[in-house]
Structure formats: structure tokens, C-alpha cells
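Chemist: File follows, run-v5.pdb with PDB, N, CA and C atoms:
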ATOM      1  N   MET X   1      12.466   0.242 -12.280
ATOM      2  CA  MET X   1      12.408  -0.919 -11.407
ATOM      3  C   MET X   1      10.942  -1.283 -11.205
ATOM      4  N   ASP X   2      10.484  -2.288 -11.935
ATOM      5  CA  ASP X   2       9.082  -2.688 -11.853
ATOM      6  C   ASP X   2       8.963  -3.983 -11.062
ATOM      7  N   THR X   3       9.148  -3.871  -9.766
ATOM      8  CA  THR X   3       9.001  -5.027  -8.894
ATOM      9  C   THR X   3       7.565  -5.088  -8.402
ATOM     10  N   ASN X   4       7.211  -6.194  -7.766
ATOM     11  CA  ASN X   4       5.858  -6.262  -7.222
ATOM     12  C   ASN X   4       5.671  -5.270  -6.090
ATOM     13  N   GLY X   5       6.749  -4.912  -5.397
ATOM     14  CA  GLY X   5       6.641  -3.877  -4.367
ATOM     15  C   GLY X   5       6.201  -2.556  -4.954
ATOM     16  N   VAL X   6       6.754  -2.218  -6.115
ATOM     17  CA  VAL X   6       6.360  -0.989  -6.804
ATOM     18  C   VAL X   6       4.912  -1.092  -7.267
ATOM     19  N   ARG X   7       4.526  -2.259  -7.793
ATOM     20  CA  ARG X   7       3.123  -2.441  -8.221
ATOM     21  C   ARG X   7       2.171  -2.292  -7.040
ATOM     22  N   ALA X   8       2.560  -2.799  -5.877
ATOM     23  CA  ALA X   8       1.701  -2.677  -4.696
ATOM     24  C   ALA X   8       1.548  -1.220  -4.287
ATOM     25  N   ILE X   9       2.652  -0.493  -4.263
ATOM     26  CA  ILE X   9       2.588   0.922  -3.888
ATOM     27  C   ILE X   9       1.787   1.706  -4.913
ATOM     28  N   THR X  10       1.994   1.410  -6.192
ATOM     29  CA  THR X  10       1.246   2.084  -7.256
ATOM     30  C   THR X  10      -0.246   1.788  -7.126
ATOM     31  N   ALA X  11      -0.583   0.538  -6.844
ATOM     32  CA  ALA X  11      -1.995   0.167  -6.697
ATOM     33  C   ALA X  11      -2.646   0.938  -5.554
ATOM     34  N   LEU X  12      -1.915   1.133  -4.473
ATOM     35  CA  LEU X  12      -2.466   1.835  -3.306
ATOM     36  C   LEU X  12      -2.450   3.352  -3.456
ATOM     37  N   SER X  13      -1.854   3.847  -4.529
ATOM     38  CA  SER X  13      -1.827   5.303  -4.728
ATOM     39  C   SER X  13      -3.190   5.849  -5.139
ATOM     40  N   ASP X  14      -4.064   4.991  -5.614
ATOM     41  CA  ASP X  14      -5.413   5.417  -5.973
ATOM     42  C   ASP X  14      -6.279   5.445  -4.717
ATOM     43  N   PRO X  15      -6.940   6.572  -4.434
ATOM     44  CA  PRO X  15      -7.720   6.680  -3.184
ATOM     45  C   PRO X  15      -8.837   5.641  -3.058
ATOM     46  N   THR X  16      -9.486   5.305  -4.154
ATOM     47  CA  THR X  16     -10.571   4.321  -4.078
ATOM     48  C   THR X  16     -10.010   2.941  -3.776
ATOM     49  N   ARG X  17      -8.928   2.570  -4.453
ATOM     50  CA  ARG X  17      -8.318   1.267  -4.164
ATOM     51  C   ARG X  17      -7.814   1.219  -2.733
ATOM     52  N   ARG X  18      -7.245   2.324  -2.267
ATOM     53  CA  ARG X  18      -6.761   2.366  -0.885
ATOM     54  C   ARG X  18      -7.927   2.199   0.088
ATOM     55  N   ALA X  19      -9.064   2.825  -0.195
ATOM     56  CA  ALA X  19     -10.242   2.690   0.676
ATOM     57  C   ALA X  19     -10.737   1.246   0.695
ATOM     58  N   ILE X  20     -10.736   0.605  -0.459
ATOM     59  CA  ILE X  20     -11.133  -0.806  -0.523
ATOM     60  C   ILE X  20     -10.166  -1.641   0.309
ATOM     61  N   PHE X  21      -8.885  -1.434   0.091
ATOM     62  CA  PHE X  21      -7.848  -2.175   0.802
ATOM     63  C   PHE X  21      -7.968  -1.978   2.312
ATOM     64  N   GLU X  22      -8.192  -0.746   2.730
ATOM     65  CA  GLU X  22      -8.266  -0.427   4.158
ATOM     66  C   GLU X  22      -9.521  -0.974   4.827
ATOM     67  N   SER X  23     -10.511  -1.388   4.044
ATOM     68  CA  SER X  23     -11.730  -1.939   4.642
ATOM     69  C   SER X  23     -11.646  -3.459   4.817
ATOM     70  N   LEU X  24     -10.528  -4.064   4.441
ATOM     71  CA  LEU X  24     -10.428  -5.522   4.499
ATOM     72  C   LEU X  24      -9.792  -6.123   5.752
ATOM     73  N   PRO X  25      -9.109  -5.374   6.615
ATOM     74  CA  PRO X  25      -8.505  -6.034   7.780
ATOM     75  C   PRO X  25      -9.507  -6.730   8.702
ATOM     76  N   GLN X  26     -10.752  -6.309   8.683
ATOM     77  CA  GLN X  26     -11.747  -6.915   9.564
ATOM     78  C   GLN X  26     -12.181  -8.299   9.088
ATOM     79  N   GLY X  27     -11.847  -8.659   7.854
ATOM     80  CA  GLY X  27     -12.213  -9.975   7.351
ATOM     81  C   GLY X  27     -12.706  -9.907   5.923
ATOM     82  N   PRO X  28     -13.016 -11.067   5.341
ATOM     83  CA  PRO X  28     -13.438 -11.134   3.946
ATOM     84  C   PRO X  28     -14.709 -10.325   3.690
ATOM     85  N   ARG X  29     -14.751  -9.699   2.511
ATOM     86  CA  ARG X  29     -15.923  -8.901   2.131
ATOM     87  C   ARG X  29     -16.246  -9.145   0.673
ATOM     88  N   SER X  30     -17.513  -9.029   0.360
ATOM     89  CA  SER X  30     -17.975  -9.239  -1.014
ATOM     90  C   SER X  30     -17.761  -7.984  -1.847
ATOM     91  N   VAL X  31     -17.822  -8.156  -3.154
ATOM     92  CA  VAL X  31     -17.696  -7.024  -4.073
ATOM     93  C   VAL X  31     -18.798  -6.005  -3.796
ATOM     94  N   ALA X  32     -20.018  -6.486  -3.625
ATOM     95  CA  ALA X  32     -21.149  -5.579  -3.379
ATOM     96  C   ALA X  32     -20.944  -4.785  -2.089
ATOM     97  N   ASP X  33     -20.447  -5.446  -1.058
ATOM     98  CA  ASP X  33     -20.192  -4.769   0.216
ATOM     99  C   ASP X  33     -19.092  -3.720   0.064
ATOM    100  N   LEU X  34     -18.021  -4.070  -0.633
ATOM    101  CA  LEU X  34     -16.923  -3.127  -0.845
ATOM    102  C   LEU X  34     -17.376  -1.949  -1.710
ATOM    103  N   ALA X  35     -18.207  -2.225  -2.698
ATOM    104  CA  ALA X  35     -18.731  -1.153  -3.548
ATOM    105  C   ALA X  35     -19.583  -0.191  -2.725
ATOM    106  N   ALA X  36     -20.447  -0.743  -1.889
ATOM    107  CA  ALA X  36     -21.301   0.106  -1.053
ATOM    108  C   ALA X  36     -20.478   0.931  -0.067
ATOM    109  N   THR X  37     -19.453   0.323   0.491
ATOM    110  CA  THR X  37     -18.594   1.012   1.454
ATOM    111  C   THR X  37     -17.886   2.204   0.822
ATOM    112  N   THR X  38     -17.468   2.047  -0.421
ATOM    113  CA  THR X  38     -16.696   3.105  -1.087
ATOM    114  C   THR X  38     -17.553   4.013  -1.964
ATOM    115  N   GLY X  39     -18.826   3.685  -2.129
ATOM    116  CA  GLY X  39     -19.723   4.537  -2.910
ATOM    117  C   GLY X  39     -19.506   4.444  -4.411
ATOM    118  N   ILE X  40     -19.103   3.266  -4.888
ATOM    119  CA  ILE X  40     -18.914   3.064  -6.319
ATOM    120  C   ILE X  40     -19.765   1.886  -6.767
ATOM    121  N   THR X  41     -19.837   1.663  -8.059
ATOM    122  CA  THR X  41     -20.610   0.532  -8.571
ATOM    123  C   THR X  41     -19.847  -0.774  -8.342
ATOM    124  N   SER X  42     -20.552  -1.871  -8.386
ATOM    125  CA  SER X  42     -19.902  -3.180  -8.249
ATOM    126  C   SER X  42     -18.923  -3.413  -9.387
ATOM    127  N   SER X  43     -19.260  -2.934 -10.568
ATOM    128  CA  SER X  43     -18.370  -3.076 -11.717
ATOM    129  C   SER X  43     -17.059  -2.322 -11.481
ATOM    130  N   ALA X  44     -17.155  -1.100 -10.978
ATOM    131  CA  ALA X  44     -15.952  -0.308 -10.692
ATOM    132  C   ALA X  44     -15.148  -0.969  -9.571
ATOM    133  N   ALA X  45     -15.832  -1.481  -8.559
ATOM    134  CA  ALA X  45     -15.140  -2.165  -7.459
ATOM    135  C   ALA X  45     -14.389  -3.380  -7.990
ATOM    136  N   SER X  46     -15.005  -4.119  -8.886
ATOM    137  CA  SER X  46     -14.349  -5.292  -9.471
ATOM    138  C   SER X  46     -13.083  -4.901 -10.224
ATOM    139  N   GLN X  47     -13.130  -3.789 -10.937
ATOM    140  CA  GLN X  47     -11.944  -3.328 -11.666
ATOM    141  C   GLN X  47     -10.824  -2.949 -10.692
ATOM    142  N   HIS X  48     -11.172  -2.260  -9.624
ATOM    143  CA  HIS X  48     -10.168  -1.901  -8.616
ATOM    144  C   HIS X  48      -9.618  -3.155  -7.933
ATOM    145  N   LEU X  49     -10.481  -4.104  -7.652
ATOM    146  CA  LEU X  49     -10.043  -5.342  -7.009
ATOM    147  C   LEU X  49      -9.122  -6.142  -7.922
ATOM    148  N   ARG X  50      -9.333  -6.078  -9.231
ATOM    149  CA  ARG X  50      -8.443  -6.762 -10.172
ATOM    150  C   ARG X  50      -7.027  -6.202 -10.051
ATOM    151  N   VAL X  51      -6.909  -4.868  -9.963
ATOM    152  CA  VAL X  51      -5.590  -4.236  -9.818
ATOM    153  C   VAL X  51      -4.958  -4.648  -8.494
ATOM    154  N   LEU X  52      -5.740  -4.655  -7.422
ATOM    155  CA  LEU X  52      -5.227  -5.060  -6.112
ATOM    156  C   LEU X  52      -4.809  -6.532  -6.111
ATOM    157  N   ARG X  53      -5.555  -7.365  -6.819
ATOM    158  CA  ARG X  53      -5.215  -8.790  -6.923
ATOM    159  C   ARG X  53      -3.914  -8.977  -7.701
ATOM    160  N   GLU X  54      -3.749  -8.237  -8.807
ATOM    161  CA  GLU X  54      -2.534  -8.345  -9.612
ATOM    162  C   GLU X  54      -1.299  -7.889  -8.839
ATOM    163  N   ALA X  55      -1.486  -6.982  -7.883
ATOM    164  CA  ALA X  55      -0.388  -6.516  -7.038
ATOM    165  C   ALA X  55      -0.216  -7.400  -5.802
ATOM    166  N   HIS X  56      -0.967  -8.485  -5.733
ATOM    167  CA  HIS X  56      -0.916  -9.425  -4.595
ATOM    168  C   HIS X  56      -1.271  -8.760  -3.277
ATOM    169  N   LEU X  57      -2.175  -7.780  -3.324
ATOM    170  CA  LEU X  57      -2.632  -7.126  -2.092
ATOM    171  C   LEU X  57      -3.913  -7.733  -1.561
ATOM    172  N   VAL X  58      -4.683  -8.387  -2.427
ATOM    173  CA  VAL X  58      -5.905  -9.070  -1.999
ATOM    174  C   VAL X  58      -5.977 -10.437  -2.675
ATOM    175  N   THR X  59      -6.705 -11.329  -2.025
ATOM    176  CA  THR X  59      -7.022 -12.627  -2.613
ATOM    177  C   THR X  59      -8.525 -12.733  -2.730
ATOM    178  N   MET X  60      -8.963 -13.613  -3.619
ATOM    179  CA  MET X  60     -10.403 -13.803  -3.822
ATOM    180  C   MET X  60     -10.723 -15.288  -3.692
ATOM    181  N   ARG X  61     -11.834 -15.563  -3.036
ATOM    182  CA  ARG X  61     -12.346 -16.936  -3.008
ATOM    183  C   ARG X  61     -13.836 -16.882  -3.296
ATOM    184  N   ARG X  62     -14.322 -17.921  -3.894
ATOM    185  CA  ARG X  62     -15.752 -17.987  -4.216
ATOM    186  C   ARG X  62     -16.519 -18.588  -3.051
ATOM    187  N   ASP X  63     -17.679 -18.028  -2.825
ATOM    188  CA  ASP X  63     -18.602 -18.553  -1.821
ATOM    189  C   ASP X  63     -19.966 -18.575  -2.498
ATOM    190  N   GLY X  64     -20.271 -19.695  -3.133
ATOM    191  CA  GLY X  64     -21.484 -19.749  -3.955
ATOM    192  C   GLY X  64     -21.309 -18.850  -5.166
ATOM    193  N   ASN X  65     -22.221 -17.898  -5.329
ATOM    194  CA  ASN X  65     -22.113 -16.977  -6.465
ATOM    195  C   ASN X  65     -21.422 -15.664  -6.080
ATOM    196  N   ARG X  66     -20.942 -15.583  -4.860
ATOM    197  CA  ARG X  66     -20.252 -14.362  -4.417
ATOM    198  C   ARG X  66     -18.744 -14.548  -4.476
ATOM    199  N   HIS X  67     -18.048 -13.458  -4.684
ATOM    200  CA  HIS X  67     -16.593 -13.425  -4.602
ATOM    201  C   HIS X  67     -16.240 -12.673  -3.330
ATOM    202  N   LEU X  68     -15.492 -13.327  -2.456
ATOM    203  CA  LEU X  68     -15.081 -12.710  -1.203
ATOM    204  C   LEU X  68     -13.601 -12.357  -1.277
ATOM    205  N   TYR X  69     -13.290 -11.142  -0.870
ATOM    206  CA  TYR X  69     -11.915 -10.637  -0.932
ATOM    207  C   TYR X  69     -11.344 -10.478   0.464
ATOM    208  N   SER X  70     -10.064 -10.826   0.576
ATOM    209  CA  SER X  70      -9.318 -10.719   1.834
ATOM    210  C   SER X  70      -7.955 -10.125   1.529
ATOM    211  N   LEU X  71      -7.285  -9.651   2.577
ATOM    212  CA  LEU X  71      -5.923  -9.147   2.413
ATOM    213  C   LEU X  71      -4.980 -10.290   2.079
ATOM    214  N   ASP X  72      -4.002  -9.985   1.245
ATOM    215  CA  ASP X  72      -2.960 -10.943   0.872
ATOM    216  C   ASP X  72      -1.637 -10.402   1.418
ATOM    217  N   PRO X  73      -1.020 -11.079   2.363
ATOM    218  CA  PRO X  73       0.214 -10.551   2.963
ATOM    219  C   PRO X  73       1.389 -10.467   1.990
ATOM    220  N   ARG X  74       1.319 -11.174   0.857
ATOM    221  CA  ARG X  74       2.443 -11.143  -0.085
ATOM    222  C   ARG X  74       2.717  -9.742  -0.606
ATOM    223  N   GLY X  75       1.668  -9.006  -0.988
ATOM    224  CA  GLY X  75       1.853  -7.666  -1.545
ATOM    225  C   GLY X  75       2.414  -6.692  -0.528
ATOM    226  N   LEU X  76       1.939  -6.794   0.709
ATOM    227  CA  LEU X  76       2.477  -5.928   1.763
ATOM    228  C   LEU X  76       3.940  -6.250   2.030
ATOM    229  N   SER X  77       4.283  -7.505   2.007
ATOM    230  CA  SER X  77       5.663  -7.903   2.205
ATOM    231  C   SER X  77       6.541  -7.372   1.071
ATOM    232  N   ASP X  78       6.045  -7.457  -0.155
ATOM    233  CA  ASP X  78       6.793  -6.943  -1.302
ATOM    234  C   ASP X  78       7.000  -5.433  -1.199
ATOM    235  N   ALA X  79       5.945  -4.703  -0.802
ATOM    236  CA  ALA X  79       6.058  -3.247  -0.655
ATOM    237  C   ALA X  79       7.045  -2.906   0.461
ATOM    238  N   ARG X  80       6.978  -3.645   1.533
ATOM    239  CA  ARG X  80       7.904  -3.413   2.650
ATOM    240  C   ARG X  80       9.343  -3.668   2.218
ATOM    241  N   ASP X  81       9.573  -4.765   1.502
ATOM    242  CA  ASP X  81      10.919  -5.070   1.018
ATOM    243  C   ASP X  81      11.435  -3.958   0.115
ATOM    244  N   TYR X  82      10.569  -3.459  -0.756
ATOM    245  CA  TYR X  82      10.967  -2.382  -1.657
ATOM    246  C   TYR X  82      11.359  -1.134  -0.862
ATOM    247  N   LEU X  83      10.525  -0.742   0.105
ATOM    248  CA  LEU X  83      10.780   0.475   0.872
ATOM    249  C   LEU X  83      11.979   0.343   1.805
ATOM    250  N   GLU X  84      12.232  -0.872   2.303
ATOM    251  CA  GLU X  84      13.340  -1.066   3.239
ATOM    252  C   GLU X  84      14.702  -0.782   2.624
ATOM    253  N   GLN X  85      14.819  -0.858   1.308
ATOM    254  CA  GLN X  85      16.108  -0.567   0.692
ATOM    255  C   GLN X  85      16.495   0.899   0.863
ATOM    256  N   PHE X  86      15.504   1.769   1.112
ATOM    257  CA  PHE X  86      15.771   3.191   1.295
ATOM    258  C   PHE X  86      15.970   3.566   2.762
ATOM    259  N   TRP X  87      15.715   2.640   3.658
ATOM    260  CA  TRP X  87      15.745   2.920   5.091
ATOM    261  C   TRP X  87      17.113   3.386   5.577
ATOM    262  N   PRO X  88      18.212   2.732   5.214
ATOM    263  CA  PRO X  88      19.520   3.194   5.714
ATOM    264  C   PRO X  88      19.837   4.640   5.313
ATOM    265  N   SER X  89      19.560   5.008   4.074
ATOM    266  CA  SER X  89      19.853   6.385   3.667
ATOM    267  C   SER X  89      18.881   7.374   4.324
ATOM    268  N   ALA X  90      17.653   6.957   4.563
ATOM    269  CA  ALA X  90      16.690   7.833   5.243
ATOM    270  C   ALA X  90      17.132   8.065   6.691
ATOM    271  N   LEU X  91      17.591   7.021   7.364
ATOM    272  CA  LEU X  91      18.085   7.174   8.735
ATOM    273  C   LEU X  91      19.327   8.060   8.777
ATOM    274  N   ALA X  92      20.219   7.894   7.805
ATOM    275  CA  ALA X  92      21.425   8.719   7.757
ATOM    276  C   ALA X  92      21.059  10.188   7.539
ATOM    277  N   ALA X  93      20.111  10.447   6.664
ATOM    278  CA  ALA X  93      19.680  11.826   6.415
ATOM    279  C   ALA X  93      19.032  12.411   7.660
ATOM    280  N   HIS X  94      18.258  11.612   8.361
ATOM    281  CA  HIS X  94      17.611  12.070   9.595
ATOM    282  C   HIS X  94      18.668  12.394  10.654
ATOM    283  N   ALA X  95      19.649  11.531  10.798
ATOM    284  CA  ALA X  95      20.716  11.768  11.774
ATOM    285  C   ALA X  95      21.494  13.034  11.428
ATOM    286  N   ALA X  96      21.759  13.248  10.158
ATOM    287  CA  ALA X  96      22.473  14.459   9.737
ATOM    288  C   ALA X  96      21.644  15.702  10.030
ATOM    289  N   ALA X  97      20.342  15.623   9.787
ATOM    290  CA  ALA X  97      19.465  16.766  10.060
ATOM    291  C   ALA X  97      19.438  17.069  11.556
ATOM    292  N   LEU X  98      19.409  16.032  12.381
ATOM    293  CA  LEU X  98      19.434  16.239  13.841
ATOM    294  C   LEU X  98      20.751  16.863  14.285
ATOM    295  N   ARG X  99      21.855  16.376  13.727
ATOM    296  CA  ARG X  99      23.162  16.958  14.079
ATOM    297  C   ARG X  99      23.196  18.435  13.704
ATOM    298  N   ASP X 100      22.692  18.761  12.530
ATOM    299  CA  ASP X 100      22.681  20.158  12.087
ATOM    300  C   ASP X 100      21.780  21.017  12.970
ATOM    301  N   ALA X 101      20.676  20.437  13.427
ATOM    302  CA  ALA X 101      19.720  21.206  14.233
ATOM    303  C   ALA X 101      20.251  21.500  15.634
ATOM    304  N   VAL X 102      21.018  20.585  16.201
ATOM    305  CA  VAL X 102      21.499  20.778  17.562
ATOM    306  C   VAL X 102      22.910  21.335  17.634
ATOM    307  N   ALA X 103      23.600  21.418  16.518
ATOM    308  CA  ALA X 103      24.954  21.968  16.512
ATOM    309  C   ALA X 103      24.902  23.448  16.836
ATOM    310  N   PRO X 104      25.808  23.908  17.715
ATOM    311  CA  PRO X 104      25.796  25.344  18.026
ATOM    312  C   PRO X 104      26.119  26.142  16.767
ATOM    313  N   ALA X 105      25.462  27.243  16.662
ATOM    314  CA  ALA X 105      25.688  28.103  15.504
ATOM    315  C   ALA X 105      27.114  28.636  15.536
ATOM    316  N   GLN X 106      27.769  28.591  14.407
ATOM    317  CA  GLN X 106      29.138  29.097  14.305
ATOM    318  C   GLN X 106      29.085  30.608  14.182
ATOM    319  N   PRO X 107      29.904  31.313  14.976
ATOM    320  CA  PRO X 107      29.908  32.773  14.851
ATOM    321  C   PRO X 107      30.459  33.174  13.488
ATOM    322  N   THR X 108      29.860  34.190  12.953
ATOM    323  CA  THR X 108      30.334  34.674  11.665
ATOM    324  C   THR X 108      31.444  35.692  11.901
ATOM    325  N   ARG X 109      32.438  35.664  11.061
ATOM    326  CA  ARG X 109      33.571  36.593  11.176
ATOM    327  C   ARG X 109      33.307  37.824  10.338
ATOM    328  N   ARG X 110      33.683  38.947  10.902
ATOM    329  CA  ARG X 110      33.505  40.206  10.161
ATOM    330  C   ARG X 110      34.831  40.787   9.847
TER     331      ARG X 110
END
Just dump the structure as C-alpha cells.
Modeler:
Amino acid sequence: MDTNGVRAITALSDPTRRAIFESLPQGPRSVADLAATTGITSSAASQHLRVLREAHLVTMRRDGNRHLYSLDPRGLSDARDYLEQFWPSALAAHAAALRDAVAPAQPTRR
């Protein structure tokens, strides 16, 4: 199942991409700023940003000769939609685990 939700989750599985992504909620940032924040080269940051852009997790706009990156809500929405399909079974498993944990122990017969 290669949905955009899966691509978003896969993109965020890389620690450097996740660090870049997590530095964007405060507002748009340049490639150079993101590279400095994560301790990588601008070239490496650009490659990571390309993956994040393809997963619809970030958007880019030009400001003169700079590229500014911001969060893109589409990718987060896609990842959420993908994960929500597992929510009912996860809740059922949690409820079963709670029932098992609080159920009185059955005496064993000898």
C-alpha cells in the first residue's frame, strides 16, 4: 500500500528529515538555516527537503534567491488518514488488554 500517508511516514522515519520537519512549526526557514540547525550541508538539506516535499510535508516558496520552506498540512493529513484505519483495532486490543489485566485470576484446579 503505497499511499501518500505511507510516503509521509517513511519520509519522517529518517532522523535528519524529522529534525528538519520539527524545526518548521515556528515559520518559514531557508535551506541554509535548516542546514545549520541540523548540522548538515545545504546540499544535504536540499536533498532531505526534496523527499519531504514529495511526501507533501513541506512547501517551498522563493524569496529572491532564497528558498523558504514551511509545513504543508496535506502530508500530515495523509499520514493521519493512513494511521486512523488502524485505530479501531488498536482500541479493541487495548480494551482486551485492560479486561485481562483487571479480571480476577481464575483458581487453578488440582
Chemist: Would you return as a ChimeraX atom specification the members of chain X that DSSP assigns to helix (DSSP H, G or I) on this structure's backbone?
Modeler: /X:4-12,15-22,31-38,42-54,73-84,87-102
Chemist: List as a PyMOL selection string: which residues have an atom within 12 Å of (-19.5, -14.6, -0.6), counting only C-alpha atoms?
Modeler: chain X and resi 27-34+60-70
Chemist: Would you pick out the contacts of stretch 77-91 of chain X at 10 Å or less, using only C-alpha atoms, so that residues sharing its chain but fewer than 3 positions from it are not included, and give the list as a list in words?
Modeler: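 Contacts, in chain order: Met1, Thr3, Asn4, Gly5, Val6, Arg7, Ala8, Ile9, Thr10, Ala55, His56, Leu57, Asp72, Pro73, Arg74, His94, Ala95, Ala96 and Ala97 of chain X.
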Chemist: Return as an MDAnalysis selection string the full set of residues in stretch 29-98 of chain X whose backbone-based DSSP assignment is strand (DSSP E or B).
Modeler: chainID X and resid 29:30 58:63 66:71
Chemist: Looking at X:Ala11, X:Ala93, X:Ala35, X:Val102, which one is nearest to X:Val51, with distances taken over only N, CA and C atoms?
Modeler: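 Among X:Ala11, X:Ala93, X:Ala35, X:Val102, it is X:Ala11 that comes nearest to X:Val51.
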Chemist: Could you check the closest approach to X:Ser23 for each of X:Ile40, X:Leu49, X:Leu98, X:Leu71 and tell me which residue wins, using all atoms listed in the file?
Modeler: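 When distances to X:Ser23 are compared using all atoms listed in the file, the smallest one comes from X:Leu71.
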Chemist: Rounded to one decimal in Å, what is the spacing between atom CA of X:Ala19 and atom CA of X:Thr38?
Modeler: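 Atom CA of X:Thr38 lies 6.7 Å from atom CA of X:Ala19.
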